[in-house]
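To keep things clear, I will list the structure first and then write my remarks on it.
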Amino acid sequence: MEFAEVVRRRRMTRAYTADPVDPAVIEQALDLATRAPSAGHSQGWAFLVLDTPESVRGFWTAQSDAAAEGGSPDRWLAGMMSAPVVIVPCSRRAAYLDRYAEPDKTRAGLTDHDASRWAMPYWHLDTAMASLLILQSVTDAGLGGCFFGLVPGRVDAVKAVLGLVDSATDEAPHPIGAITVGHPAPRSEGARGSASRRRRTPWEEVAHRGHWGAGWSGTDSSGTGGEV
């Protein structure tokens, strides 16, 4: 499949069939995920793959009140829980702080391992880019995937069930979300996503040449021109 076609076909899949996922597809997706860019080539990511019924069930029990209490999940949750594979991408802040304390990076002034010196937590950003590569990879393989966030009040429970607790250093990998993977069920079986109700904004409406407000045509928002 051509790259542009992969990008256009990728969508968030919210319901899956019971068909198993070829482990080779997951391995290739992880291989391609590690090709994502990272600050200083720190590669501060890790991926927990849950591909057995027990491990997947344990994740959902930790992530969802309905699953934990044996209640009836809503349409969205029921569809998501049908995925045979869940990948939990995790960021590793320590990898970045250690990397920028190395001799070739000392000019950055981060030798004291103070995370507050960073303009933004690139460990999360880079892991998110790796996650997108996973979504694109499974799309290319004819599968479906969906990235979603963890429930705020249940993050600690998810970390505990996945073994992401390091009380000694507090530097265990941090889950930035999770990705369900599987064979897509008919769209009628899953919850409708926002993309089915909201217009996709054309790139011409969000791109600006030269400075904010110029727009792609080179005319600023005041209508006074501003060709660049």
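Ordering of the structure tokens sets the chain letters (A, B, ...), residue numbers begin anew at 1 in every chain, and ligands are numbered from 1 in the order given.
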Need to verify the contact set: region 149-163 of chain A, 7 Å, only C-alpha atoms, exclusion of same-chain residues closer than 2 positions in sequence. Can you return it as a CSV table (one decimal) with N, CA and C atoms, in the first residue's frame?
```
chain,number,residue,atom,x,y,z
A,58,GLY,N,-6.9,-8.2,32.3
A,58,GLY,CA,-6.3,-7.5,33.4
A,58,GLY,C,-6.1,-6.0,33.2
A,59,PHE,N,-5.8,-5.6,31.9
A,59,PHE,CA,-5.7,-4.2,31.6
A,59,PHE,C,-7.0,-3.5,31.7
A,62,ALA,N,-8.2,-2.9,35.2
A,62,ALA,CA,-7.6,-1.8,35.8
A,62,ALA,C,-8.0,-0.5,35.3
A,63,GLN,N,-8.3,-0.5,34.0
A,63,GLN,CA,-8.6,0.8,33.2
A,63,GLN,C,-10.1,1.2,33.4
A,165,VAL,N,5.7,0.1,38.4
A,165,VAL,CA,5.9,0.8,39.7
A,165,VAL,C,7.3,0.6,40.2
A,177,GLY,N,-0.9,6.2,27.1
A,177,GLY,CA,-2.1,5.8,26.6
A,177,GLY,C,-2.1,4.4,26.2
A,178,ALA,N,-2.9,3.9,25.3
A,178,ALA,CA,-2.9,2.5,24.9
A,178,ALA,C,-3.5,2.4,23.5
```
Hey, could you make a per-residue contact list for region 105-153 of chain A against region 8-20 of chain A with 10 Å as the cut-off, showing the nearest pair of atoms and its distance in Å to one decimal, counting only C-alpha atoms, sorted by chain and number, as JSON lines?
```
{"residue": "A:Leu132", "atom": "CA", "partner": "A:Arg10", "partner_atom": "CA", "distance": 10.0}
{"residue": "A:Leu135", "atom": "CA", "partner": "A:Arg10", "partner_atom": "CA", "distance": 7.3}
{"residue": "A:Gln136", "atom": "CA", "partner": "A:Arg10", "partner_atom": "CA", "distance": 6.5}
{"residue": "A:Ser137", "atom": "CA", "partner": "A:Arg10", "partner_atom": "CA", "distance": 9.5}
{"residue": "A:Val138", "atom": "CA", "partner": "A:Arg10", "partner_atom": "CA", "distance": 8.9}
{"residue": "A:Thr139", "atom": "CA", "partner": "A:Arg10", "partner_atom": "CA", "distance": 5.9}
{"residue": "A:Asp140", "atom": "CA", "partner": "A:Arg10", "partner_atom": "CA", "distance": 8.6}
{"residue": "A:Gly142", "atom": "CA", "partner": "A:Arg9", "partner_atom": "CA", "distance": 9.7}
{"residue": "A:Leu143", "atom": "CA", "partner": "A:Thr13", "partner_atom": "CA", "distance": 9.0}
{"residue": "A:Gly144", "atom": "CA", "partner": "A:Thr13", "partner_atom": "CA", "distance": 5.4}
{"residue": "A:Gly145", "atom": "CA", "partner": "A:Thr13", "partner_atom": "CA", "distance": 5.3}
{"residue": "A:Cys146", "atom": "CA", "partner": "A:Met12", "partner_atom": "CA", "distance": 4.5}
{"residue": "A:Phe147", "atom": "CA", "partner": "A:Met12", "partner_atom": "CA", "distance": 7.1}
{"residue": "A:Phe148", "atom": "CA", "partner": "A:Met12", "partner_atom": "CA", "distance": 9.1}
```
Leu77 (chain A) environment, 9 Å, only C-alpha atoms, sequence neighbours closer than 2 positions dropped, as a PyMOL selection string: chain A and resi 14-15+64+66-67+73-75+79-82+191
Would you save the residues of that selection, restricted to N, CA and C atoms, as an mmCIF file, in the first residue's frame?
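What follows is the written file part28.cif:
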```cif
data_model
loop_
_atom_site.group_PDB
_atom_site.id
_atom_site.type_symbol
_atom_site.label_atom_id
_atom_site.label_comp_id
_atom_site.auth_asym_id
_atom_site.auth_seq_id
_atom_site.Cartn_x
_atom_site.Cartn_y
_atom_site.Cartn_z
ATOM 1 N N ARG A 14 -13.034 0.989 16.580
ATOM 2 C CA ARG A 14 -13.618 0.877 17.919
ATOM 3 C C ARG A 14 -14.351 -0.439 18.181
ATOM 4 N N ALA A 15 -14.207 -1.412 17.271
ATOM 5 C CA ALA A 15 -14.794 -2.746 17.484
ATOM 6 C C ALA A 15 -14.024 -3.734 16.622
ATOM 7 N N SER A 64 -10.982 0.307 33.611
ATOM 8 C CA SER A 64 -12.404 0.647 33.545
ATOM 9 C C SER A 64 -13.163 0.257 34.806
ATOM 10 N N ALA A 66 -16.392 -0.162 34.878
ATOM 11 C CA ALA A 66 -17.388 -1.151 34.470
ATOM 12 C C ALA A 66 -16.787 -2.541 34.407
ATOM 13 N N ALA A 67 -15.576 -2.638 33.849
ATOM 14 C CA ALA A 67 -14.927 -3.941 33.747
ATOM 15 C C ALA A 67 -14.519 -4.454 35.117
ATOM 16 N N PRO A 73 -20.579 -2.892 30.101
ATOM 17 C CA PRO A 73 -19.876 -1.808 29.417
ATOM 18 C C PRO A 73 -20.758 -1.163 28.367
ATOM 19 N N ASP A 74 -20.553 0.119 28.108
ATOM 20 C CA ASP A 74 -21.309 0.788 27.058
ATOM 21 C C ASP A 74 -20.784 0.325 25.696
ATOM 22 N N ARG A 75 -21.364 0.868 24.643
ATOM 23 C CA ARG A 75 -21.032 0.402 23.299
ATOM 24 C C ARG A 75 -19.555 0.627 22.980
ATOM 25 N N GLY A 79 -16.884 -2.531 22.472
ATOM 26 C CA GLY A 79 -16.164 -2.673 21.212
ATOM 27 C C GLY A 79 -14.661 -2.687 21.411
ATOM 28 N N MET A 80 -14.174 -1.799 22.259
ATOM 29 C CA MET A 80 -12.734 -1.720 22.503
ATOM 30 C C MET A 80 -12.217 -2.969 23.213
ATOM 31 N N MET A 81 -13.004 -3.509 24.120
ATOM 32 C CA MET A 81 -12.585 -4.697 24.861
ATOM 33 C C MET A 81 -12.540 -5.945 23.979
ATOM 34 N N SER A 82 -13.115 -5.862 22.788
ATOM 35 C CA SER A 82 -13.090 -7.005 21.884
ATOM 36 C C SER A 82 -11.752 -7.164 21.168
ATOM 37 N N ALA A 191 -18.801 1.996 18.355
ATOM 38 C CA ALA A 191 -19.296 3.344 18.618
ATOM 39 C C ALA A 191 -18.845 4.291 17.514
#
```
DSSP strand (DSSP E) residues within region 24-54 of chain A, listed as a list in words: Trp45, Ala46, Phe47, Leu48, Val49 and Leu50 of chain A
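If only C-alpha atoms are the atoms counted, then among A:Leu133, A:Val56, A:Tyr122, A:Ile179 the closest residue to Phe3 (chain A) is A:Leu133.
When only C-alpha atoms are used to measure the gap to Glu102 (chain A), the shortest distance among A:Ala24, A:Ser42, A:Thr127, A:Ser194 belongs to A:Ser42.
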Å distance separating CA of Ala141 (chain A) from CA of Met129 (chain A), one decimal place: 18.8 Å
Contacts of Ala172 (chain A) within 9 Å, only C-alpha atoms, excl. fewer than 5 positions in-chain, as an mmCIF file with C-alpha atoms, in the first residue's frame:
```
data_model
loop_
_atom_site.group_PDB
_atom_site.id
_atom_site.type_symbol
_atom_site.label_atom_id
_atom_site.label_comp_id
_atom_site.auth_asym_id
_atom_site.auth_seq_id
_atom_site.Cartn_x
_atom_site.Cartn_y
_atom_site.Cartn_z
ATOM 1 C CA SER A 91 7.736 7.128 27.877
ATOM 2 C CA ARG A 92 10.969 6.975 29.872
ATOM 3 C CA ARG A 93 11.946 10.407 31.162
ATOM 4 C CA ALA A 94 15.168 9.090 32.691
ATOM 5 C CA GLY A 163 4.394 -3.743 36.746
ATOM 6 C CA LEU A 164 5.214 -0.092 36.043
ATOM 7 C CA VAL A 165 5.890 0.788 39.686
ATOM 8 C CA ASP A 166 9.382 1.642 40.845
ATOM 9 C CA SER A 167 9.057 3.128 44.319
#
```
All residues 9 Å or closer to Arg192 (chain A), only C-alpha atoms, same chain fewer than 5 positions away omitted, as a list in words: Arg14, Trp76, Arg187 and Arg197 of chain A
Okay, now the selection with C-alpha atoms, as a PDB file, in the first residue's frame?
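See result-v8.pdb below for the written result:
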```pdb
ATOM      1  CA  ARG A  14     -13.618   0.877  17.919  1.00  0.00           C
ATOM      2  CA  TRP A  76     -17.628   2.076  23.089  1.00  0.00           C
ATOM      3  CA  ARG A 187     -18.554  -0.251  11.506  1.00  0.00           C
ATOM      4  CA  ARG A 197     -19.891  13.822  12.925  1.00  0.00           C
TER       5      ARG A 197
END
```
Spatial neighbours of Ala207 (chain A), max dist 9 Å, only C-alpha atoms, sep filter under 6 positions, as a list in words: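 Counting only C-alpha atoms, the residues come to Ala214, Gly215 and Trp216 of chain A.
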Same residues, N, CA and C atoms, output as a PDB file, in the first residue's frame:
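The result, stored in selection24.pdb:
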```pdb
ATOM      1  N   ALA A 214      -1.320  34.785   8.434  1.00  0.00           N
ATOM      2  CA  ALA A 214      -1.136  35.059   7.010  1.00  0.00           C
ATOM      3  C   ALA A 214      -1.952  34.115   6.149  1.00  0.00           C
ATOM      4  N   GLY A 215      -2.258  32.939   6.684  1.00  0.00           N
ATOM      5  CA  GLY A 215      -2.957  31.953   5.885  1.00  0.00           C
ATOM      6  C   GLY A 215      -2.052  31.388   4.813  1.00  0.00           C
ATOM      7  N   TRP A 216      -2.568  30.436   4.058  1.00  0.00           N
ATOM      8  CA  TRP A 216      -1.734  29.841   3.024  1.00  0.00           C
ATOM      9  C   TRP A 216      -1.627  30.734   1.797  1.00  0.00           C
TER      10      TRP A 216
END
```
Which of A:Val7, A:Ala130, A:Pro53, A:Ser188 sits closest to Leu32 (chain A) [using only C-alpha atoms]: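 Of all the options, A:Ala130 lies closest to Leu32 (chain A).
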